[in-house]
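Trainee: Supplied in structure tokens, the structure appears directly below.
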Amino acid sequence: MIIAFALRASAAYAHGVVGDYVFLEPLITEDPTPANELDILEPSWVKSSDANDYSIGFSGEKVLWIDENDMPIVSLAGGTAWHHVSPYQGSSQEGVENPEVALKYAFFYSLQHEFLLSTALIADLPVGNKDIRDQSHTSLGPEFLWEKGLGDLPNWPALKFLRPLGFQGDVGYLPALGGQTSHDLFADAVVEYSLPYLSNNVQDIGLKWPFRNLFVFSEFNYDQLIKGPSGQTFPTIMATPGIAYVSYHYELSIGTQFALNNASVSGNHATIIGLLDIFYDSFFPKWGNWTINRGPGQ
């Protein structure tokens with residue numbers, strides 16, 4: 001699937017760059033780096049114990065502020081998804097889930113150590129289809145995000161092949177602002193290995209296109225809905241392994257999910273997740289790179 005849709009691209013990258021490391025856009029985990037991107041296609045299929053859930057998501061993010069090192073610092077993002085839920089008994093339901101908007105701020109980074117910390121304020125708006133949405137009241141809460149590349153490891157024979165490793169993560173808390181109390185607690189982590197970083201920054205082992213542009217990764221996703229002061233639901237803990245093709249203009253990823261605890265098994269018998277992420281500032285550099293403090297890009 002990746003080979004069929006991928007096009008040849010230059011060795012440069014326009015997304016998620018911290019120092020020499022280019023971080024991928026995860027499938028589930030929130031990307032810590034503010035970026036100009038359009039997730040124009042996020043298809044998924046989830047087979048549970050009582051239904052099939054087919055969905056197509058879409059989202060966008062715009063960088064609003066860039067500092068003196070040309071690092072994106074502030075961005076505004078938003079997105080939603082359309083679902084078609086086909087239960088094994090009863091009629092099907094379809095509609096749009098609650099849209100989500102987020103204001104992201106990268107408050108610390110080290111280019112030398114390929115390290116970035118950011119935070120976000122997330123709002124979940126209850127305007128989706130009532131048969132699909134998971135919350136009937138506005139939710140608002142904070143999220144903390146981080147990412148770290150291992151390119152600062154010594155270039156020793158025994159260690160240098162660990163330098164293409166990268167790590168990303170988030171943790172967030174999203175309580176409802178009214179109605180029945182409902183708090184969503186979530187945390188995610190990504191371990192990724194960058195073959196572009198291996199070829200360009202460690203050792204060229206002769207990889208050709210498209211393998212030279214591939215990332216292999218696995219996410220670990222935790223989510224738990226807490227209702228009321230006296231009780232809570234069981235946590236959902238999943239592993240999400242996948243592979244991604246990342247070029248100068250776009251990222252194409254595909255993955256699956258596996259339940260890591262008994263409470264997650266009934267809700268996830270089989271899953272396929274995809275992502276087509278367009279870095280629109282590479283196509284339209286003038287308005288795509290516009291920011292509040294600098295105006296139009298070059």
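Going by the structure tokens order, chains are called A, B, ..., each with residues numbered from 1, while ligands are numbered from 1 in the order shown.
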For stretch 255-261 of chain A, please output as a CSV table (one decimal) with all heavy atoms, in the first residue's frame all residues within 7 Å (counting only C-alpha atoms; exclusion window: fewer than 4 positions along the same chain).
Mentor:
chain,number,residue,atom,x,y,z
A,237,ILE,N,-6.0,-0.3,27.3
A,237,ILE,CA,-4.5,-0.3,27.0
A,237,ILE,C,-4.2,-1.1,25.7
A,237,ILE,O,-4.5,-2.2,25.7
A,237,ILE,CB,-3.7,-0.9,28.2
A,237,ILE,CG1,-4.1,-0.2,29.5
A,237,ILE,CG2,-2.2,-0.7,28.0
A,237,ILE,CD1,-3.5,-0.8,30.7
A,238,MET,N,-3.7,-0.4,24.8
A,238,MET,CA,-3.5,-0.9,23.4
A,238,MET,C,-2.0,-0.7,23.0
A,238,MET,O,-1.3,0.2,23.4
A,238,MET,CB,-4.4,-0.3,22.4
A,238,MET,CG,-5.8,-0.2,22.8
A,238,MET,SD,-6.7,-1.8,22.8
A,238,MET,CE,-6.6,-2.2,21.1
A,239,ALA,N,-1.5,-1.7,22.1
A,239,ALA,CA,-0.3,-1.5,21.4
A,239,ALA,C,-0.7,-1.2,19.9
A,239,ALA,O,-1.6,-1.9,19.4
A,239,ALA,CB,0.6,-2.7,21.5
A,240,THR,N,0.0,-0.2,19.3
A,240,THR,CA,-0.3,0.2,17.9
A,240,THR,C,1.0,0.2,17.1
A,240,THR,O,1.6,1.2,16.9
A,240,THR,CB,-1.0,1.6,17.9
A,240,THR,OG1,-2.1,1.6,18.8
A,240,THR,CG2,-1.5,1.9,16.5
A,241,PRO,N,1.4,-1.0,16.6
A,241,PRO,CA,2.6,-1.0,15.7
A,241,PRO,C,2.2,-0.6,14.3
A,241,PRO,O,1.1,-0.8,13.8
A,241,PRO,CB,3.0,-2.5,15.8
A,241,PRO,CG,1.7,-3.2,16.0
A,241,PRO,CD,0.8,-2.3,16.8
A,242,GLY,N,3.2,-0.1,13.6
A,242,GLY,CA,3.0,0.3,12.2
A,242,GLY,C,4.2,0.7,11.5
A,242,GLY,O,5.3,0.6,12.0
A,243,ILE,N,4.0,1.2,10.3
A,243,ILE,CA,5.1,1.6,9.4
A,243,ILE,C,4.7,2.9,8.7
A,243,ILE,O,3.5,3.0,8.4
A,243,ILE,CB,5.5,0.5,8.4
A,243,ILE,CG1,6.8,0.8,7.6
A,243,ILE,CG2,4.3,0.2,7.4
A,243,ILE,CD1,7.3,-0.3,6.8
A,265,VAL,N,-10.1,-6.2,25.3
A,265,VAL,CA,-10.3,-7.3,24.3
A,265,VAL,C,-11.6,-7.2,23.6
A,265,VAL,O,-11.8,-7.3,22.4
A,265,VAL,CB,-10.1,-8.7,24.9
A,265,VAL,CG1,-10.5,-9.8,23.9
A,265,VAL,CG2,-8.6,-8.8,25.4
A,268,ASN,N,-11.9,-4.5,20.9
A,268,ASN,CA,-10.9,-4.5,19.8
A,268,ASN,C,-10.5,-5.9,19.4
A,268,ASN,O,-9.5,-6.5,19.9
A,268,ASN,CB,-9.7,-3.7,20.2
A,268,ASN,CG,-8.8,-3.3,19.0
A,268,ASN,OD1,-8.4,-4.2,18.3
A,268,ASN,ND2,-8.6,-2.0,18.9
A,271,THR,N,-8.2,-4.4,14.1
A,271,THR,CA,-8.2,-3.0,13.8
A,271,THR,C,-7.2,-2.8,12.7
A,271,THR,O,-6.1,-3.4,12.6
A,271,THR,CB,-7.7,-2.2,15.0
A,271,THR,OG1,-8.7,-2.3,16.1
A,271,THR,CG2,-7.6,-0.7,14.7
A,272,ILE,N,-7.5,-1.9,11.7
A,272,ILE,CA,-6.6,-1.3,10.7
A,272,ILE,C,-6.8,0.2,10.8
A,272,ILE,O,-7.9,0.7,10.7
A,272,ILE,CB,-6.9,-1.9,9.3
A,272,ILE,CG1,-6.8,-3.4,9.3
A,272,ILE,CG2,-6.0,-1.2,8.3
A,272,ILE,CD1,-7.1,-4.0,8.0
A,273,ILE,N,-5.6,0.9,10.9
A,273,ILE,CA,-5.6,2.3,10.9
A,273,ILE,C,-4.7,2.9,9.9
A,273,ILE,O,-3.6,2.4,9.7
A,273,ILE,CB,-5.2,2.8,12.3
A,273,ILE,CG1,-6.0,2.2,13.4
A,273,ILE,CG2,-5.3,4.4,12.4
A,273,ILE,CD1,-5.4,2.5,14.8
A,274,GLY,N,-5.1,3.9,9.2
A,274,GLY,CA,-4.2,4.6,8.1
A,274,GLY,C,-4.2,6.1,8.3
A,274,GLY,O,-4.9,6.7,9.1
Trainee: A:Asp53: which residues within 6 Å, counting only C-alpha atoms, same-chain residues fewer than 2 positions away excluded, as a PyMOL selection string?
Mentor: chain A and resi 45-46+84-85
Trainee: Can you list, as a PyMOL selection string, every protein, DNA or RNA residue that comes within 7 Å of A:Gly166 when you count only C-alpha atoms, leaving out same-chain residues fewer than 4 positions away?
Mentor: chain A and resi 148-150+191-193
Trainee: Emit the selected residues as a PDB file, in the first residue's frame, including N, CA and C atoms.
Mentor:
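Saved as part_34.pdb:
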ATOM      1  N   LYS A 148      11.945  13.014  22.043  1.00  0.00           N
ATOM      2  CA  LYS A 148      13.394  12.963  22.217  1.00  0.00           C
ATOM      3  C   LYS A 148      14.002  12.019  21.191  1.00  0.00           C
ATOM      4  N   GLY A 149      14.999  12.495  20.438  1.00  0.00           N
ATOM      5  CA  GLY A 149      15.793  11.653  19.563  1.00  0.00           C
ATOM      6  C   GLY A 149      17.094  11.280  20.247  1.00  0.00           C
ATOM      7  N   LEU A 150      17.681  10.160  19.833  1.00  0.00           N
ATOM      8  CA  LEU A 150      18.915   9.684  20.453  1.00  0.00           C
ATOM      9  C   LEU A 150      20.149  10.005  19.619  1.00  0.00           C
ATOM     10  N   VAL A 191       7.576   4.628  20.225  1.00  0.00           N
ATOM     11  CA  VAL A 191       8.976   4.281  19.976  1.00  0.00           C
ATOM     12  C   VAL A 191       9.127   4.127  18.469  1.00  0.00           C
ATOM     13  N   GLU A 192      10.035   4.870  17.869  1.00  0.00           N
ATOM     14  CA  GLU A 192      10.181   4.851  16.411  1.00  0.00           C
ATOM     15  C   GLU A 192      11.649   4.689  16.020  1.00  0.00           C
ATOM     16  N   TYR A 193      11.864   4.098  14.866  1.00  0.00           N
ATOM     17  CA  TYR A 193      13.214   3.942  14.330  1.00  0.00           C
ATOM     18  C   TYR A 193      13.218   4.522  12.926  1.00  0.00           C
TER      19      TYR A 193
END
Trainee: Quick one: residues within 12 Å of A:Leu153, only C-alpha atoms, excluding same-chain residues fewer than 6 positions away - as a JSON list (two decimals) with N, CA, C and O atoms, in the first residue's frame?
Mentor:
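The file below, out36.json, is the result:
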[["chain", "number", "residue", "atom", "x", "y", "z"],
["A", 112, "GLN", "N", 20.39, 20.60, 19.95],
["A", 112, "GLN", "CA", 21.56, 19.74, 20.09],
["A", 112, "GLN", "C", 21.18, 18.36, 20.58],
["A", 112, "GLN", "O", 21.73, 17.35, 20.13],
["A", 113, "HIS", "N", 20.21, 18.30, 21.49],
["A", 113, "HIS", "CA", 19.81, 17.02, 22.09],
["A", 113, "HIS", "C", 18.52, 16.46, 21.48],
["A", 113, "HIS", "O", 17.97, 15.48, 22.00],
["A", 114, "GLU", "N", 18.02, 17.10, 20.41],
["A", 114, "GLU", "CA", 16.83, 16.61, 19.71],
["A", 114, "GLU", "C", 15.68, 16.36, 20.69],
["A", 114, "GLU", "O", 15.05, 15.31, 20.71],
["A", 159, "LEU", "N", 27.08, 1.59, 19.59],
["A", 159, "LEU", "CA", 25.97, 2.46, 19.97],
["A", 159, "LEU", "C", 25.33, 3.20, 18.79],
["A", 159, "LEU", "O", 24.18, 3.63, 18.88],
["A", 160, "LYS", "N", 26.06, 3.37, 17.71],
["A", 160, "LYS", "CA", 25.59, 4.28, 16.67],
["A", 160, "LYS", "C", 24.28, 3.84, 16.03],
["A", 160, "LYS", "O", 23.51, 4.69, 15.57],
["A", 161, "PHE", "N", 23.99, 2.55, 16.02],
["A", 161, "PHE", "CA", 22.75, 2.10, 15.40],
["A", 161, "PHE", "C", 21.53, 2.30, 16.32],
["A", 161, "PHE", "O", 20.41, 2.00, 15.92],
["A", 162, "LEU", "N", 21.77, 2.83, 17.53],
["A", 162, "LEU", "CA", 20.67, 3.26, 18.40],
["A", 162, "LEU", "C", 20.31, 4.72, 18.16],
["A", 162, "LEU", "O", 19.26, 5.18, 18.61],
["A", 163, "ARG", "N", 21.15, 5.46, 17.48],
["A", 163, "ARG", "CA", 20.91, 6.88, 17.28],
["A", 163, "ARG", "C", 19.66, 7.19, 16.46],
["A", 163, "ARG", "O", 19.04, 8.24, 16.67],
["A", 164, "PRO", "N", 19.22, 6.33, 15.53],
["A", 164, "PRO", "CA", 17.96, 6.61, 14.81],
["A", 164, "PRO", "C", 16.70, 6.39, 15.64],
["A", 164, "PRO", "O", 15.59, 6.59, 15.14],
["A", 165, "LEU", "N", 16.83, 5.96, 16.90],
["A", 165, "LEU", "CA", 15.65, 5.78, 17.74],
["A", 165, "LEU", "C", 15.10, 7.14, 18.17],
["A", 165, "LEU", "O", 15.85, 8.08, 18.48],
["A", 166, "GLY", "N", 13.78, 7.24, 18.21],
["A", 166, "GLY", "CA", 13.11, 8.42, 18.71],
["A", 166, "GLY", "C", 11.94, 8.04, 19.59],
["A", 166, "GLY", "O", 11.38, 6.94, 19.47],
["A", 201, "ASN", "N", 22.53, 10.27, 8.78],
["A", 201, "ASN", "CA", 23.26, 10.78, 9.94],
["A", 201, "ASN", "C", 24.11, 9.74, 10.66],
["A", 201, "ASN", "O", 24.90, 10.11, 11.53],
["A", 202, "VAL", "N", 23.94, 8.47, 10.35],
["A", 202, "VAL", "CA", 24.69, 7.43, 11.04],
["A", 202, "VAL", "C", 25.59, 6.68, 10.07],
["A", 202, "VAL", "O", 26.81, 6.79, 10.11]]
